[in-house]
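Trainee: One file is attached below, run.txt, containing compact mmCIF, C-alpha atoms.
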```
# COMPACT_ATOMS: atom_id res chain seq x y z
CA MET B 118 96.58 4.63 240.92
CA LYS B 119 100.30 4.10 241.04
CA PRO B 120 101.97 3.55 244.44
CA ALA B 121 102.85 6.83 246.10
CA ARG B 122 105.10 8.29 248.74
CA VAL B 123 102.99 10.73 250.70
CA LEU B 124 103.61 13.46 253.27
CA ILE B 125 100.70 14.62 255.45
CA VAL B 126 101.17 17.93 257.25
CA ASP B 127 98.78 18.84 260.05
CA ASP B 128 99.21 19.89 263.66
CA SER B 129 96.45 17.44 264.58
CA SER B 130 97.61 13.84 264.78
CA VAL B 131 93.99 12.72 264.55
CA MET B 132 93.54 14.60 261.28
CA ARG B 133 96.77 13.10 259.91
CA LYS B 134 95.38 9.63 260.65
CA ILE B 135 92.03 10.48 259.05
CA VAL B 136 93.67 11.90 255.91
CA GLY B 137 95.87 8.81 255.62
CA ARG B 138 92.85 6.56 256.01
CA SER B 139 90.92 8.58 253.43
CA LEU B 140 93.78 8.22 250.95
CA ARG B 141 93.71 4.46 251.34
CA GLN B 142 89.91 4.44 251.06
CA ALA B 143 90.35 6.44 247.87
CA GLY B 144 92.37 3.55 246.48
CA LEU B 145 95.81 5.09 246.77
CA GLU B 146 98.56 2.57 247.45
CA ILE B 147 100.89 4.27 249.88
CA VAL B 148 104.40 2.83 249.85
CA GLU B 149 105.68 5.39 252.34
CA LEU B 150 103.68 7.70 254.60
CA LEU B 151 105.47 10.56 256.32
CA GLU B 152 103.88 12.96 258.79
CA ALA B 153 104.75 16.46 259.95
CA SER B 154 103.00 18.67 262.48
CA ASN B 155 103.95 22.00 260.94
CA GLY B 156 105.41 23.53 257.79
CA SER B 157 108.94 23.68 259.12
CA GLU B 158 109.04 19.94 259.84
CA ALA B 159 107.47 19.29 256.46
CA LEU B 160 110.14 21.29 254.64
CA SER B 161 112.87 19.21 256.25
CA LEU B 162 111.14 15.98 255.27
CA ALA B 163 110.52 17.19 251.72
CA LYS B 164 114.20 18.03 251.29
CA GLU B 165 115.33 14.62 252.50
CA ASN B 166 112.73 12.31 250.96
CA PRO B 167 111.46 11.75 247.45
CA LEU B 168 107.71 12.37 247.53
CA ASP B 169 104.83 11.95 245.10
CA LEU B 170 102.19 13.91 246.99
CA ILE B 171 101.84 16.30 249.92
CA LEU B 172 98.59 17.13 251.74
CA SER B 173 98.87 20.10 254.05
CA ASP B 174 96.75 22.02 256.52
CA ILE B 175 97.03 25.82 256.49
CA ASN B 176 96.55 26.93 260.09
CA MET B 177 99.48 25.47 261.99
CA PRO B 178 101.91 26.74 264.61
CA VAL B 179 105.61 27.42 263.84
CA MET B 180 105.08 27.63 260.05
CA ASP B 181 101.69 27.67 258.39
CA GLY B 182 100.76 25.82 255.22
CA LEU B 183 100.94 28.82 252.92
CA GLU B 184 104.50 29.69 253.95
CA PHE B 185 105.38 26.00 253.63
CA VAL B 186 104.18 25.90 250.02
CA ARG B 187 105.97 29.15 249.21
CA GLN B 188 109.28 27.82 250.54
CA LEU B 189 108.76 24.36 249.04
CA ARG B 190 108.46 25.86 245.57
CA CYS B 191 111.93 27.38 246.02
CA ILE B 192 113.57 24.00 246.63
CA GLU B 193 114.81 22.58 243.34
CA SER B 194 114.40 18.94 244.32
CA ALA B 195 110.89 19.42 245.75
CA LYS B 196 109.23 22.18 243.77
CA HIS B 197 107.52 19.72 241.42
CA ILE B 198 105.70 17.80 244.20
CA PRO B 199 101.90 18.24 244.03
CA VAL B 200 100.53 19.86 247.20
CA ILE B 201 96.86 19.68 248.18
CA MET B 202 95.77 22.09 250.88
CA ILE B 203 93.23 20.63 253.33
CA THR B 204 91.86 23.32 255.56
CA THR B 205 88.90 24.96 257.21
CA GLU B 206 89.95 28.25 255.59
CA ALA B 207 87.78 27.94 252.51
CA GLY B 208 87.33 31.57 251.55
CA GLU B 209 88.00 32.47 247.94
CA ALA B 210 90.92 34.68 248.95
CA HIS B 211 92.59 31.79 250.77
CA VAL B 212 92.13 29.51 247.77
CA VAL B 213 93.54 32.09 245.38
CA GLU B 214 96.51 32.78 247.67
CA ALA B 215 97.27 29.08 248.10
CA LEU B 216 97.10 28.41 244.37
CA SER B 217 99.17 31.48 243.56
CA LEU B 218 101.87 30.27 245.96
CA GLY B 219 102.01 26.94 244.15
CA ALA B 220 99.40 24.70 245.72
CA SER B 221 98.03 22.15 243.27
CA GLY B 222 94.58 21.73 244.78
CA TYR B 223 92.33 22.62 247.67
CA ILE B 224 90.00 20.60 249.89
CA ARG B 225 87.81 22.09 252.56
CA LYS B 226 87.38 20.47 255.98
CA PRO B 227 85.14 18.63 256.66
CA PHE B 228 85.88 16.44 253.66
CA THR B 229 84.64 13.13 252.32
CA PRO B 230 86.86 10.30 251.04
CA GLU B 231 85.28 10.94 247.62
CA GLN B 232 86.60 14.50 247.61
CA ILE B 233 90.06 13.24 248.50
CA LYS B 234 89.87 10.65 245.73
CA GLU B 235 88.76 13.20 243.15
CA ARG B 236 91.70 15.51 243.88
CA VAL B 237 94.29 12.79 244.29
CA ILE B 238 93.43 10.96 241.08
CA SER B 239 93.92 14.11 239.06
CA LEU B 240 97.36 14.65 240.55
CA VAL B 241 98.78 11.18 241.06
CA GLY B 242 97.05 9.45 238.21
CA GLY B 243 94.13 7.04 238.04
CA MET W 112 73.56 40.01 281.03
CA ASP W 113 75.76 37.36 282.44
CA LYS W 114 75.11 33.89 281.15
CA THR W 115 76.20 30.77 282.90
CA LEU W 116 76.56 28.09 280.31
CA LYS W 117 77.14 25.25 282.65
CA ALA W 118 76.66 25.00 286.32
CA GLY W 119 76.69 21.36 287.14
CA PRO W 120 76.80 19.60 290.44
CA ALA W 121 80.57 19.35 290.21
CA ARG W 122 82.97 22.24 290.43
CA VAL W 123 83.00 22.86 286.71
CA GLN W 124 81.49 26.10 285.64
CA ILE W 125 81.73 27.72 282.26
CA HIS W 126 80.76 31.30 282.66
CA LEU W 127 80.44 33.70 279.80
CA SER W 128 79.88 37.37 280.21
CA ALA W 129 77.75 37.97 277.19
CA ARG W 130 74.23 38.97 276.34
CA ALA W 131 72.06 35.91 275.93
CA ALA W 132 70.50 35.55 272.54
CA GLY W 133 68.44 32.45 272.16
CA ALA W 134 66.26 31.45 269.28
CA ASP W 135 63.74 34.13 270.11
CA SER W 136 66.20 36.94 270.52
CA ARG W 137 66.57 39.57 267.88
CA PRO W 138 69.99 41.21 268.14
CA THR W 139 69.88 44.74 266.93
CA GLU W 140 73.53 45.76 267.02
CA LYS W 141 75.39 45.75 263.74
CA VAL W 142 78.94 44.51 263.31
CA SER W 143 81.17 46.91 261.45
CA GLY W 144 82.55 45.91 258.07
CA ALA W 145 81.20 46.52 254.59
CA ALA W 146 80.48 42.89 253.83
CA GLN W 147 78.79 42.17 257.12
CA PRO W 148 75.14 41.29 257.17
CA THR W 149 73.09 43.88 258.99
CA SER W 150 71.26 41.35 261.09
CA HIS W 151 72.38 38.19 262.83
CA ASP W 152 68.99 36.58 262.68
CA GLY W 153 69.52 33.00 261.73
CA TRP W 154 73.08 32.73 262.99
CA ARG W 155 72.05 30.24 265.65
CA GLU W 156 70.60 28.03 262.92
CA GLU W 157 73.75 28.46 260.83
CA LEU W 158 75.79 27.39 263.85
CA ALA W 159 73.54 24.34 264.18
CA GLN W 160 73.88 23.56 260.46
CA ALA W 161 77.66 23.88 260.64
CA THR W 162 77.71 21.47 263.57
CA ARG W 163 75.47 18.98 261.78
CA GLU W 164 77.66 19.11 258.68
CA VAL W 165 80.86 18.35 260.60
CA PHE W 166 79.32 15.47 262.52
CA GLU W 167 77.65 14.05 259.42
CA ILE W 168 80.82 14.06 257.32
CA MET W 169 83.60 13.46 259.85
CA LEU W 170 81.83 11.28 262.41
CA GLY W 171 79.11 9.74 260.26
CA THR W 172 76.49 10.86 262.77
CA SER W 173 73.20 12.55 262.07
CA LEU W 174 72.52 14.94 264.93
CA GLY W 175 68.94 15.92 264.18
CA SER W 176 67.43 18.99 265.78
CA PRO W 177 69.15 20.87 268.60
CA ASN W 178 67.90 20.09 272.07
CA GLU W 179 65.58 22.68 273.51
CA GLY W 180 66.19 24.37 276.82
CA SER W 181 69.35 24.93 278.78
CA PRO W 182 71.77 22.04 278.96
CA HIS W 183 72.50 20.56 282.35
CA PHE W 184 75.62 18.47 282.18
CA VAL W 185 79.11 18.57 283.54
CA ALA W 186 81.29 20.00 280.80
CA ASP W 187 84.83 19.15 281.76
CA PHE W 188 86.08 19.35 278.19
CA ALA W 189 86.05 22.60 276.19
CA ALA W 190 87.59 23.60 272.87
CA MET W 191 87.80 27.15 271.56
CA VAL W 192 88.63 28.66 268.21
CA GLY W 193 89.00 32.41 267.87
CA ILE W 194 87.58 34.36 264.95
CA ALA W 195 89.39 37.58 264.07
CA GLY W 196 88.89 40.08 261.29
CA SER W 197 85.72 41.77 260.14
CA LEU W 198 84.01 39.81 262.91
CA CYS W 199 85.68 38.97 266.21
CA GLY W 200 84.53 36.27 268.54
CA LEU W 201 84.95 32.79 269.84
CA VAL W 202 83.46 29.46 268.84
CA GLY W 203 83.32 26.99 271.71
CA LEU W 204 82.57 23.30 272.01
CA HIS W 205 81.69 21.93 275.44
CA THR W 206 81.05 18.41 276.67
CA SER W 207 82.12 15.71 279.10
CA SER W 208 85.47 13.97 278.79
CA GLU W 209 83.70 10.67 278.07
CA CYS W 210 81.78 12.22 275.19
CA ALA W 211 84.95 13.84 273.83
CA ARG W 212 86.70 10.47 273.92
CA ARG W 213 83.77 8.85 272.13
CA MET W 214 83.94 11.53 269.44
CA ALA W 215 87.65 10.88 268.99
CA ALA W 216 87.12 7.12 268.75
CA THR W 217 84.38 7.61 266.17
CA MET W 218 86.52 9.96 264.09
CA LEU W 219 89.34 7.44 264.14
CA GLY W 220 87.01 4.57 263.34
CA THR W 221 87.87 2.58 266.46
CA GLU W 222 85.64 0.87 268.99
CA GLU W 223 87.91 1.47 271.94
CA LEU W 224 87.98 4.81 273.68
CA GLY W 225 91.43 6.29 273.23
CA GLY W 226 93.49 8.35 275.62
CA SER W 227 92.95 11.96 276.51
CA GLU W 228 95.55 13.13 273.98
CA ASP W 229 93.48 11.86 271.04
CA ALA W 230 90.35 13.29 272.63
CA GLN W 231 91.93 16.73 272.99
CA ASP W 232 93.22 16.63 269.45
CA ALA W 233 89.97 15.42 267.89
CA PHE W 234 87.82 17.74 269.96
CA GLY W 235 89.90 20.75 268.94
CA GLU W 236 89.64 19.75 265.30
CA VAL W 237 85.87 19.31 265.50
CA CYS W 238 85.59 22.79 266.98
CA ASN W 239 87.92 24.13 264.28
CA MET W 240 85.81 22.60 261.51
CA ILE W 241 82.57 23.91 263.03
CA ALA W 242 84.07 27.41 263.18
CA GLY W 243 85.27 27.13 259.59
CA SER W 244 81.97 25.80 258.35
CA PHE W 245 80.08 28.51 260.21
CA LYS W 246 82.09 31.39 258.81
CA GLY W 247 81.83 29.90 255.34
CA ARG W 248 78.04 30.10 255.66
CA ILE W 249 77.89 33.80 256.49
CA ALA W 250 78.32 36.22 253.62
CA GLY W 251 81.53 38.16 253.91
CA LEU W 252 83.08 36.13 256.71
CA ALA W 253 84.86 33.43 254.72
CA ASP W 254 87.43 35.88 253.40
CA GLY W 255 86.96 38.56 256.03
CA CYS W 256 87.99 36.51 259.04
CA ALA W 257 90.77 34.17 260.07
CA LEU W 258 90.58 31.35 262.57
CA SER W 259 92.98 30.70 265.40
CA VAL W 260 94.58 27.36 266.14
CA PRO W 261 92.20 25.48 268.49
CA THR W 262 92.69 25.58 272.24
CA VAL W 263 91.43 22.75 274.42
CA ILE W 264 90.83 22.96 278.16
CA PHE W 265 89.94 19.97 280.27
CA GLY W 266 89.63 19.07 283.90
CA ARG W 267 87.03 19.31 286.60
CA ASP W 268 87.88 22.66 288.07
CA PHE W 269 87.95 25.52 285.64
CA THR W 270 85.89 28.55 284.85
CA LEU W 271 85.72 29.89 281.32
CA PHE W 272 85.00 33.59 281.31
CA SER W 273 84.58 35.45 278.03
CA LEU W 274 85.17 39.17 277.84
CA ALA W 275 83.37 39.38 274.52
CA LYS W 276 80.32 41.13 275.99
CA GLY W 277 78.52 40.78 272.70
CA GLU W 278 75.94 38.46 271.29
CA HIS W 279 75.85 34.90 272.50
CA TYR W 280 74.49 31.94 270.55
CA GLN W 281 74.28 28.38 271.75
CA VAL W 282 73.04 25.08 270.38
CA THR W 283 72.98 21.80 272.27
CA PHE W 284 72.92 18.39 270.66
CA SER W 285 73.36 14.81 271.80
CA PHE W 286 76.09 12.52 270.54
CA GLU W 287 75.48 8.85 271.35
CA GLY W 288 73.19 9.98 274.14
CA LYS W 289 75.70 12.40 275.62
CA PRO W 290 74.97 16.15 275.43
CA PHE W 291 77.35 18.71 274.02
CA SER W 292 77.03 22.41 273.32
CA VAL W 293 78.38 24.68 270.61
CA THR W 294 78.61 28.36 271.42
CA LEU W 295 79.42 31.52 269.53
CA ASP W 296 80.35 34.65 271.45
CA LEU W 297 80.81 37.83 269.48
CA HIS W 298 82.77 40.86 270.49
CA ASN W 299 80.77 44.00 270.69
```
Would you mind writing the file out in structure tokens?
Mentor:
Amino acid sequence: MKPARVLIVDDSSVMRKIVGRSLRQAGLEIVELLEASNGSEALSLAKENPLDLILSDINMPVMDGLEFVRQLRCIESAKHIPVIMITTEAGEAHVVEALSLGASGYIRKPFTPEQIKERVISLVGG
Amino acid sequence: MDKTLKAGPARVQIHLSARAAGADSRPTEKVSGAAQPTSHDGWREELAQATREVFEIMLGTSLGSPNEGSPHFVADFAAMVGIAGSLCGLVGLHTSSECARRMAATMLGTEELGGSEDAQDAFGEVCNMIAGSFKGRIAGLADGCALSVPTVIFGRDFTLFSLAKGEHYQVTFSFEGKPFSVTLDLHN
């Protein structure tokens, strides 16, 4: 996989660390890893930094992941960035809503590094 | 009836006002909502399965069968995730601070026990994933309910009192020799 600049969005710092570790275990070379604890922080970072991939939780305070994706897709410089939702909300309606708002993929918590790898390869390139 | 989840020798007491429903109980009340199952038989096992799945995948730990009998340990760490929608209730995770710190260290892949901040964070996430896995296992709940952001309470002097007054399910496991409980309290 080509080196990537990644943003991980989750209100849990432990989950951000685990997702970052899983990405590395999946073989992704991360040249820059940014973290945000909610959608609002993530929007600011996405506006200011060139990114290759975003992984975002849904249930977060301040701004949830769905609203984050909706607003991200309205930003010209960031609307092309692939966004994978990683969340416990795995109902079909949540998946459909996330994808309709512009999410590129969906991973349910708990997740394995293999699941991360499978999704990331298809978006970032193998 | 009132159910005291934990009454240890210390001051900690987690007290839930809910009808006890152990493995042998057969709840008869139905929860409203077209997609709801008409019986909650098996929900305790689904709660146990959800817990096993989270620990297997995120902590690399096989929990085995739930411990039988009432747990007797000082639970000074508790995480809660609310369920709202076609079913309303609360999923709780209860253990000692040492066990919570061990869980956090295991999740992070470190040998050293981290600080309480990591333990709170990890413990809340484990509870969140158990709640999500549980509702994904029950027909109609995955799309019919939303989960709250986790809340974590810790310390040696608190009482947790649920107003749910509905069915109560509980499973107790051991993690690295330390007991922990997972509870589900449903609103009537």
Trainee: Using only C-alpha atoms, list the residues that have an atom at most 12 Å from (79.9, 22.6, 266.3), coordinates as in the file, as a PyMOL selection string.
Mentor: (chain B and resi 227) or (chain W and resi 155-167+169+174+177+189-192+201-206+234-246+280-286+291-295)
Trainee: Residues of chain B were defined as contacting chain W if any atom lay at most 6 Å from it, counting all atoms listed in the file; please report them as a PyMOL selection string.
Mentor: chain B and resi 129+131+205+208+210+227
Trainee: Name all residues at most 10 Å from stretch 287-290 of chain W (count all atoms listed in the file; drop same-chain ones fewer than 5 positions away) and give them as a VMD selection string.
Mentor: chain W and resid 172 174 178 182 to 186 205 to 207 209 to 211 213 to 214
Trainee: Find the distance between atom CA of B:Ala195 and atom CA of B:Val123 and write it in Å to one decimal.
Mentor: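 That distance, rounded to one decimal, is 12.7 Å.
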Trainee: By how many Å are atom CA of B:Glu209 and atom CA of B:Leu168 apart?
Mentor: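 According to the coordinates, atom CA of B:Glu209 and atom CA of B:Leu168 are separated by 28.2 Å.
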Trainee: Mind pulling up the distance from atom CA of B:Val186 to atom CA of B:Gly219?
Mentor: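 Interatomic distance here is 6.3 Å.
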Trainee: Let me have the centre and edge lengths of the axis-aligned box enclosing all listed atoms of stretch 217-223 of chain W with 8 Å padding on every side, in Å to one decimal, as AutoDock Vina command-line options.
Mentor:
```
--center_x 86.9 --center_y 5.4 --center_z 267.6 --size_x 21.0 --size_y 25.1 --size_z 24.6
```
Trainee: List every protein, DNA or RNA residue that has an atom no more than 7 Å from (97.6, 18.8, 246.9) in the file's coordinate frame, counting all atoms listed in the file, and report them as a VMD selection string.
Mentor: chain B and resid 170 to 172 199 to 202 220 to 223
Trainee: With C-alpha atoms retained, write the just-selected residues as a compact mmCIF listing (two decimals), in the coordinates of the input.
Mentor:
```txt
# COMPACT_ATOMS: atom_id res chain seq x y z
CA LEU B 170 102.19 13.91 246.99
CA ILE B 171 101.84 16.30 249.92
CA LEU B 172 98.59 17.13 251.74
CA PRO B 199 101.90 18.24 244.03
CA VAL B 200 100.53 19.86 247.20
CA ILE B 201 96.86 19.68 248.18
CA MET B 202 95.77 22.09 250.88
CA ALA B 220 99.40 24.70 245.72
CA SER B 221 98.03 22.15 243.27
CA GLY B 222 94.58 21.73 244.78
CA TYR B 223 92.33 22.62 247.67
```
Trainee: Write out as an MDAnalysis selection string the residues lying within 7 Å of B:Arg122, counting all atoms listed in the file and excluding same-chain residues fewer than 3 positions away.
Mentor: chainID B and resid 147:150 168:170
Trainee: Fewer than 2 positions away in the same chain doesn't count, so skip those; otherwise give me all residues within 9 Å of B:Asp174, counting all atoms listed in the file, as a ChimeraX atom specification.
Mentor: /B:125-128,155-156,172,176-177,181-183,201-205
Trainee: Please dump the current selection as a compact mmCIF listing (two decimals), keeping the file's coordinate frame; keep C-alpha atoms.
Mentor:
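In the end it all went to selection_2.txt:
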```txt
# COMPACT_ATOMS: atom_id res chain seq x y z
CA ILE B 125 100.70 14.62 255.45
CA VAL B 126 101.17 17.93 257.25
CA ASP B 127 98.78 18.84 260.05
CA ASP B 128 99.21 19.89 263.66
CA ASN B 155 103.95 22.00 260.94
CA GLY B 156 105.41 23.53 257.79
CA LEU B 172 98.59 17.13 251.74
CA ASN B 176 96.55 26.93 260.09
CA MET B 177 99.48 25.47 261.99
CA ASP B 181 101.69 27.67 258.39
CA GLY B 182 100.76 25.82 255.22
CA LEU B 183 100.94 28.82 252.92
CA ILE B 201 96.86 19.68 248.18
CA MET B 202 95.77 22.09 250.88
CA ILE B 203 93.23 20.63 253.33
CA THR B 204 91.86 23.32 255.56
CA THR B 205 88.90 24.96 257.21
```
Trainee: For each of B:Ala163, B:Leu240, B:Leu218, B:Val136, take the minimum atom-to-atom distance to B:Glu193, counting all atoms listed in the file, then give the residue where this is smallest.
Mentor: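 Of all the options, B:Ala163 lies closest to B:Glu193.
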Trainee: Find the residue from B:Lys119, B:Arg133, B:Arg190, B:Lys196 that sits nearest to B:Pro167; use only C-alpha atoms when measuring.
Mentor: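 Nearest candidate to B:Pro167 out of B:Lys119, B:Arg133, B:Arg190, B:Lys196: B:Lys196.
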Trainee: Once N, CA and C atoms are restored for stretch 160-194 of chain B, what would the output be as an mmCIF file, in the coordinates of the input?
Mentor:
```
data_model
loop_
_atom_site.group_PDB
_atom_site.id
_atom_site.type_symbol
_atom_site.label_atom_id
_atom_site.label_comp_id
_atom_site.auth_asym_id
_atom_site.auth_seq_id
_atom_site.Cartn_x
_atom_site.Cartn_y
_atom_site.Cartn_z
ATOM 1 N N LEU B 160 109.070 20.875 255.558
ATOM 2 C CA LEU B 160 110.140 21.290 254.640
ATOM 3 C C LEU B 160 111.361 20.380 254.779
ATOM 4 N N SER B 161 111.715 20.087 256.018
ATOM 5 C CA SER B 161 112.870 19.210 256.250
ATOM 6 C C SER B 161 112.638 17.837 255.632
ATOM 7 N N LEU B 162 111.445 17.294 255.823
ATOM 8 C CA LEU B 162 111.140 15.980 255.270
ATOM 9 C C LEU B 162 111.124 16.004 253.744
ATOM 10 N N ALA B 163 110.599 17.088 253.187
ATOM 11 C CA ALA B 163 110.520 17.190 251.720
ATOM 12 C C ALA B 163 111.899 17.303 251.088
ATOM 13 N N LYS B 164 112.827 17.900 251.809
ATOM 14 C CA LYS B 164 114.200 18.030 251.290
ATOM 15 C C LYS B 164 114.914 16.686 251.297
ATOM 16 N N GLU B 165 114.566 15.860 252.287
ATOM 17 C CA GLU B 165 115.330 14.620 252.500
ATOM 18 C C GLU B 165 114.704 13.395 251.867
ATOM 19 N N ASN B 166 113.437 13.509 251.455
ATOM 20 C CA ASN B 166 112.730 12.310 250.960
ATOM 21 C C ASN B 166 112.081 12.573 249.610
ATOM 22 N N PRO B 167 112.209 11.614 248.708
ATOM 23 C CA PRO B 167 111.460 11.750 247.450
ATOM 24 C C PRO B 167 109.979 11.528 247.717
ATOM 25 N N LEU B 168 109.147 12.444 247.246
ATOM 26 C CA LEU B 168 107.710 12.370 247.530
ATOM 27 C C LEU B 168 106.903 12.488 246.250
ATOM 28 N N ASP B 169 105.741 11.846 246.241
ATOM 29 C CA ASP B 169 104.830 11.950 245.100
ATOM 30 C C ASP B 169 103.658 12.887 245.369
ATOM 31 N N LEU B 170 103.371 13.113 246.650
ATOM 32 C CA LEU B 170 102.190 13.910 246.990
ATOM 33 C C LEU B 170 102.315 14.444 248.409
ATOM 34 N N ILE B 171 101.890 15.692 248.584
ATOM 35 C CA ILE B 171 101.840 16.300 249.920
ATOM 36 C C ILE B 171 100.420 16.829 250.140
ATOM 37 N N LEU B 172 99.874 16.540 251.329
ATOM 38 C CA LEU B 172 98.590 17.130 251.740
ATOM 39 C C LEU B 172 98.858 17.948 252.984
ATOM 40 N N SER B 173 98.493 19.218 252.955
ATOM 41 C CA SER B 173 98.870 20.100 254.050
ATOM 42 C C SER B 173 97.716 20.958 254.549
ATOM 43 N N ASP B 174 97.645 21.059 255.867
ATOM 44 C CA ASP B 174 96.750 22.020 256.520
ATOM 45 C C ASP B 174 97.318 23.426 256.293
ATOM 46 N N ILE B 175 96.520 24.442 256.576
ATOM 47 C CA ILE B 175 97.030 25.820 256.490
ATOM 48 C C ILE B 175 97.338 26.369 257.878
ATOM 49 N N ASN B 176 96.351 26.345 258.760
ATOM 50 C CA ASN B 176 96.550 26.930 260.090
ATOM 51 C C ASN B 176 97.347 25.978 260.977
ATOM 52 N N MET B 177 98.628 26.292 261.139
ATOM 53 C CA MET B 177 99.480 25.470 261.990
ATOM 54 C C MET B 177 100.463 26.375 262.723
ATOM 55 N N PRO B 178 100.895 25.959 263.901
ATOM 56 C CA PRO B 178 101.910 26.740 264.610
ATOM 57 C C PRO B 178 103.273 26.588 263.924
ATOM 58 N N VAL B 179 104.213 27.403 264.314
ATOM 59 C CA VAL B 179 105.610 27.420 263.840
ATOM 60 C C VAL B 179 105.675 27.929 262.393
ATOM 61 N N MET B 180 105.150 27.174 261.452
ATOM 62 C CA MET B 180 105.080 27.630 260.050
ATOM 63 C C MET B 180 103.764 27.146 259.454
ATOM 64 N N ASP B 181 102.990 28.079 258.922
ATOM 65 C CA ASP B 181 101.690 27.670 258.390
ATOM 66 C C ASP B 181 101.838 27.062 256.987
ATOM 67 N N GLY B 182 100.727 26.550 256.481
ATOM 68 C CA GLY B 182 100.760 25.820 255.220
ATOM 69 C C GLY B 182 101.080 26.690 254.010
ATOM 70 N N LEU B 183 100.666 27.935 254.056
ATOM 71 C CA LEU B 183 100.940 28.820 252.920
ATOM 72 C C LEU B 183 102.434 29.123 252.819
ATOM 73 N N GLU B 184 103.057 29.420 253.948
ATOM 74 C CA GLU B 184 104.500 29.690 253.950
ATOM 75 C C GLU B 184 105.269 28.418 253.559
ATOM 76 N N PHE B 185 104.756 27.275 254.000
ATOM 77 C CA PHE B 185 105.380 26.000 253.630
ATOM 78 C C PHE B 185 105.392 25.823 252.112
ATOM 79 N N VAL B 186 104.257 26.055 251.489
ATOM 80 C CA VAL B 186 104.180 25.900 250.020
ATOM 81 C C VAL B 186 105.113 26.893 249.336
ATOM 82 N N ARG B 187 105.112 28.126 249.833
ATOM 83 C CA ARG B 187 105.970 29.150 249.210
ATOM 84 C C ARG B 187 107.435 28.724 249.249
ATOM 85 N N GLN B 188 107.868 28.232 250.413
ATOM 86 C CA GLN B 188 109.280 27.820 250.540
ATOM 87 C C GLN B 188 109.554 26.526 249.781
ATOM 88 N N LEU B 189 108.572 25.637 249.755
ATOM 89 C CA LEU B 189 108.760 24.360 249.040
ATOM 90 C C LEU B 189 109.018 24.613 247.559
ATOM 91 N N ARG B 190 108.314 25.572 247.005
ATOM 92 C CA ARG B 190 108.460 25.860 245.570
ATOM 93 C C ARG B 190 109.803 26.485 245.231
ATOM 94 N N CYS B 191 110.588 26.842 246.245
ATOM 95 C CA CYS B 191 111.930 27.380 246.020
ATOM 96 C C CYS B 191 113.007 26.313 246.120
ATOM 97 N N ILE B 192 112.610 25.100 246.498
ATOM 98 C CA ILE B 192 113.570 24.000 246.630
ATOM 99 C C ILE B 192 113.576 23.207 245.324
ATOM 100 N N GLU B 193 114.710 23.181 244.663
ATOM 101 C CA GLU B 193 114.810 22.580 243.340
ATOM 102 C C GLU B 193 114.320 21.130 243.315
ATOM 103 N N SER B 194 114.725 20.371 244.319
ATOM 104 C CA SER B 194 114.400 18.940 244.320
ATOM 105 C C SER B 194 112.942 18.664 244.705
#
```
